[in-house]
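The data block below is entry-v8.cif; it holds mmCIF, C-alpha atoms and all ligand atoms.
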data_input
#
loop_
_atom_site.group_PDB
_atom_site.id
_atom_site.type_symbol
_atom_site.label_atom_id
_atom_site.label_comp_id
_atom_site.auth_asym_id
_atom_site.auth_seq_id
_atom_site.Cartn_x
_atom_site.Cartn_y
_atom_site.Cartn_z
ATOM 1 C CA MET T 1 6.683 14.647 5.845
ATOM 2 C CA ALA T 2 10.027 15.766 4.507
ATOM 3 C CA ASP T 3 12.150 12.734 5.290
ATOM 4 C CA CYS T 4 9.512 9.968 5.148
ATOM 5 C CA LEU T 5 10.514 7.275 2.629
ATOM 6 C CA PHE T 6 7.013 6.796 1.206
ATOM 7 C CA CYS T 7 6.292 10.542 1.071
ATOM 8 C CA ARG T 8 9.486 10.841 -0.941
ATOM 9 C CA ILE T 9 8.384 8.053 -3.298
ATOM 10 C CA ALA T 10 4.993 9.775 -3.711
ATOM 11 C CA ARG T 11 6.822 13.021 -4.549
ATOM 12 C CA LYS T 12 9.075 11.049 -6.957
ATOM 13 C CA GLU T 13 12.208 12.085 -5.108
ATOM 14 C CA ILE T 14 13.085 8.379 -4.766
ATOM 15 C CA PRO T 15 12.626 6.030 -7.726
ATOM 16 C CA ALA T 16 9.948 3.354 -7.588
ATOM 17 C CA ASN T 17 8.104 1.200 -10.076
ATOM 18 C CA ILE T 18 4.814 3.108 -9.992
ATOM 19 C CA LEU T 19 1.893 1.049 -11.312
ATOM 20 C CA TYR T 20 -0.958 3.448 -10.615
ATOM 21 C CA GLU T 21 -1.268 6.998 -9.416
ATOM 22 C CA ASP T 22 -3.969 9.595 -9.018
ATOM 23 C CA ARG T 23 -4.567 12.723 -6.984
ATOM 24 C CA LEU T 24 -4.874 10.827 -3.704
ATOM 25 C CA VAL T 25 -2.837 7.641 -3.958
ATOM 26 C CA THR T 26 0.315 6.070 -5.376
ATOM 27 C CA ALA T 27 0.746 2.321 -5.996
ATOM 28 C CA PHE T 28 4.240 0.952 -6.534
ATOM 29 C CA ALA T 29 6.044 -2.385 -6.552
ATOM 30 C CA ASP T 30 7.428 -3.546 -3.215
ATOM 31 C CA ILE T 31 11.232 -3.604 -3.294
ATOM 32 C CA HIS T 32 11.309 -7.000 -1.494
ATOM 33 C CA PRO T 33 8.370 -8.842 -3.047
ATOM 34 C CA GLN T 34 6.789 -11.584 -0.942
ATOM 35 C CA ALA T 35 4.709 -12.911 -3.846
ATOM 36 C CA PRO T 36 4.829 -12.741 -7.656
ATOM 37 C CA VAL T 37 2.669 -9.619 -7.373
ATOM 38 C CA HIS T 38 3.462 -7.380 -4.400
ATOM 39 C CA VAL T 39 2.298 -3.796 -4.708
ATOM 40 C CA LEU T 40 2.071 -1.124 -2.024
ATOM 41 C CA ILE T 41 -0.832 1.305 -2.150
ATOM 42 C CA ILE T 42 -0.261 4.489 -0.179
ATOM 43 C CA PRO T 43 -2.165 7.702 0.405
ATOM 44 C CA LYS T 44 -0.166 10.693 -0.824
ATOM 45 C CA ALA T 45 -0.951 12.333 2.499
ATOM 46 C CA HIS T 46 1.161 11.176 5.410
ATOM 47 C CA PHE T 47 -0.277 9.193 8.319
ATOM 48 C CA ASP T 48 2.110 7.273 10.581
ATOM 49 C CA THR T 49 -0.255 4.348 11.147
ATOM 50 C CA LEU T 50 -3.873 3.372 10.579
ATOM 51 C CA ASN T 51 -4.520 4.648 14.104
ATOM 52 C CA ASP T 52 -3.905 8.154 12.818
ATOM 53 C CA VAL T 53 -6.543 7.962 10.071
ATOM 54 C CA THR T 54 -9.753 9.566 11.307
ATOM 55 C CA ALA T 55 -13.377 9.498 10.201
ATOM 56 C CA GLU T 56 -12.607 12.531 8.043
ATOM 57 C CA GLU T 57 -10.577 10.215 5.828
ATOM 58 C CA GLN T 58 -13.355 7.700 5.181
ATOM 59 C CA GLN T 59 -13.490 8.632 1.533
ATOM 60 C CA LEU T 60 -9.719 8.349 1.210
ATOM 61 C CA LEU T 61 -9.788 4.856 2.721
ATOM 62 C CA GLY T 62 -12.437 3.756 0.240
ATOM 63 C CA HIS T 63 -10.398 5.321 -2.539
ATOM 64 C CA ILE T 64 -7.325 3.319 -1.480
ATOM 65 C CA VAL T 65 -9.258 0.038 -1.506
ATOM 66 C CA LEU T 66 -10.710 0.781 -4.931
ATOM 67 C CA ALA T 67 -7.247 1.690 -6.239
ATOM 68 C CA ALA T 68 -5.997 -1.651 -4.887
ATOM 69 C CA THR T 69 -8.768 -3.633 -6.586
ATOM 70 C CA ARG T 70 -8.082 -1.741 -9.798
ATOM 71 C CA VAL T 71 -4.377 -2.640 -9.668
ATOM 72 C CA ALA T 72 -5.310 -6.247 -8.801
ATOM 73 C CA GLY T 73 -7.429 -6.366 -11.945
ATOM 74 C CA GLU T 74 -4.653 -4.867 -14.041
ATOM 75 C CA GLN T 75 -2.298 -7.515 -12.658
ATOM 76 C CA GLY T 76 -4.697 -10.278 -13.728
ATOM 77 C CA LEU T 77 -5.657 -11.225 -10.174
ATOM 78 C CA ARG T 78 -9.379 -10.508 -10.280
ATOM 79 C CA ASP T 79 -10.511 -14.136 -10.568
ATOM 80 C CA GLN T 80 -7.455 -15.836 -9.121
ATOM 81 C CA GLY T 81 -7.696 -13.742 -5.972
ATOM 82 C CA TYR T 82 -5.314 -11.727 -3.871
ATOM 83 C CA ARG T 83 -4.647 -10.529 -0.373
ATOM 84 C CA LEU T 84 -4.901 -6.903 0.769
ATOM 85 C CA VAL T 85 -3.316 -6.267 4.162
ATOM 86 C CA ALA T 86 -2.141 -3.381 6.279
ATOM 87 C CA ASN T 87 0.225 -3.868 9.196
ATOM 88 C CA CYS T 88 -0.456 -1.441 12.035
ATOM 89 C CA GLN T 89 2.424 -0.918 14.487
ATOM 90 C CA ALA T 90 5.686 -2.821 14.777
ATOM 91 C CA SER T 91 4.259 -5.912 16.479
ATOM 92 C CA ALA T 92 2.034 -6.462 13.456
ATOM 93 C CA GLY T 93 5.029 -6.108 11.150
ATOM 94 C CA GLN T 94 4.881 -2.425 10.249
ATOM 95 C CA SER T 95 8.364 -1.201 9.366
ATOM 96 C CA VAL T 96 7.586 1.935 7.341
ATOM 97 C CA PHE T 97 5.536 4.441 9.289
ATOM 98 C CA HIS T 98 3.513 5.885 6.428
ATOM 99 C CA VAL T 99 0.182 4.080 6.035
ATOM 100 C CA HIS T 100 0.267 1.508 3.255
ATOM 101 C CA PHE T 101 -1.684 -1.500 2.085
ATOM 102 C CA HIS T 102 0.061 -4.551 0.655
ATOM 103 C CA LEU T 103 -1.558 -6.099 -2.419
ATOM 104 C CA LEU T 104 -0.226 -9.654 -2.740
ATOM 105 C CA GLY T 105 -1.061 -12.193 -5.401
ATOM 106 C CA GLY T 106 0.129 -14.818 -7.809
ATOM 107 C CA ARG T 107 0.504 -17.626 -5.280
ATOM 108 C CA ASN T 108 -1.522 -19.363 -2.592
ATOM 109 C CA PHE T 109 -1.571 -17.877 0.894
ATOM 110 C CA GLN T 110 -2.016 -19.455 4.288
ATOM 111 C CA TRP T 111 -4.316 -18.483 7.113
ATOM 112 C CA PRO T 112 -3.693 -17.591 9.864
ATOM 113 C CA PRO T 113 -0.777 -15.407 8.729
ATOM 114 C CA GLY T 114 2.500 -15.697 10.622
HETATM 115 P P1 LIG H 1 5.583 -2.962 6.360
HETATM 116 O O1 LIG H 1 6.629 -3.915 6.900
HETATM 117 O O2 LIG H 1 4.183 -3.479 6.451
HETATM 118 O O3 LIG H 1 5.742 -1.598 6.990
HETATM 119 O O4 LIG H 1 5.865 -2.822 4.819
HETATM 120 C C1 LIG H 1 6.860 -1.991 4.331
HETATM 121 C C2 LIG H 1 7.199 -2.502 2.964
HETATM 122 O O5 LIG H 1 7.915 -1.496 2.274
HETATM 123 C C3 LIG H 1 8.086 -3.755 2.955
HETATM 124 O O6 LIG H 1 7.398 -4.808 2.299
HETATM 125 C C4 LIG H 1 9.333 -3.308 2.203
HETATM 126 O O7 LIG H 1 9.865 -4.321 1.373
HETATM 127 C C5 LIG H 1 8.815 -2.127 1.418
HETATM 128 N N1 LIG H 1 9.800 -1.143 1.039
HETATM 129 C C6 LIG H 1 10.755 -0.578 1.825
HETATM 130 N N2 LIG H 1 11.467 0.323 1.133
HETATM 131 C C7 LIG H 1 10.952 0.351 -0.114
HETATM 132 C C8 LIG H 1 11.257 1.082 -1.301
HETATM 133 N N3 LIG H 1 12.246 1.983 -1.342
HETATM 134 N N4 LIG H 1 10.528 0.843 -2.414
HETATM 135 C C9 LIG H 1 9.543 -0.085 -2.410
HETATM 136 N N5 LIG H 1 9.190 -0.792 -1.309
HETATM 137 C C10 LIG H 1 9.894 -0.594 -0.182
HETATM 138 ZN ZN ZN H 2 5.069 9.767 4.684
#
Would you mind writing the file out in structure tokens?
Ligand code: AMP
Ligand code: ZN
Amino acid sequence: MADCLFCRIARKEIPANILYEDRLVTAFADIHPQAPVHVLIIPKAHFDTLNDVTAEEQQLLGHIVLAATRVAGEQGLRDQGYRLVANCQASAGQSVFHVHFHLLGGRNFQWPPG
């Protein structure tokens, strides 16, 4: 989508600290980190929310999770642990309407989340 913030980051029209990238996904540092490690993993293709990802994208979803675990390992979080979350719709906290997963680590987390 032409004016979507995360599409523009994926196209490198807006600067971001990109930590991993391949044909399908881009992973970059969150601009307002909520933990010592806070990385966003996005599909290069645009989907507004998780509700818009269909069964045809099963492989893409698996690819995103594997990219996230790869970045977690590169960030030294493999044994310490990390949280991988996606907010779907505004009431869950989604503020950017291009599907993304938050990879958070480097501190302890509480459950249930706020
Ligand atoms: P969410 O609230 O789940 O939609 O997450 C959106 C995330 O995008 C937030 O954690 C923001 O801090 C982050 N964010 C917004 N703009 C940028 C940007 N230009 N570069 C990196 N992260 C961003
Ligand atoms: Zn987009």
Would you kindly return, as a ChimeraX atom specification, each protein, DNA or RNA residue with an atom no farther than 12 Å from any atom of range 83-97 of chain T, considering only C-alpha atoms and excluding same-chain residues fewer than 5 positions away?
/T:1,3-7,30,34-35,37-42,46-53,61,64-69,71-72,77-78,102-111,113-114
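Taking atom C6 of ligand LIG 1 (chain H) as the reference point, CA of Ile31 in chain T is found at 6.0 Å.
For the set T:Thr26, T:Gln58, T:Gln75, T:Asn17, the residue with the smallest atom-to-atom gap to ligand LIG 1 (chain H) is T:Asn17, counting all atoms listed in the file.
Here atom C6 of ligand LIG 1 (chain H) stands at a distance of 25.9 Å from CA of Gln59 in chain T.
Of the residues under consideration (T:Glu56, T:Ala45, T:Leu24, T:Gly73), T:Ala45 shows the shortest atom-to-atom contact distance to Arg8 in chain T when counting all atoms listed in the file.
Reported to one decimal place, the separation of CA of Ala27 in chain T from CA of Ile14 in chain T is 13.8 Å.
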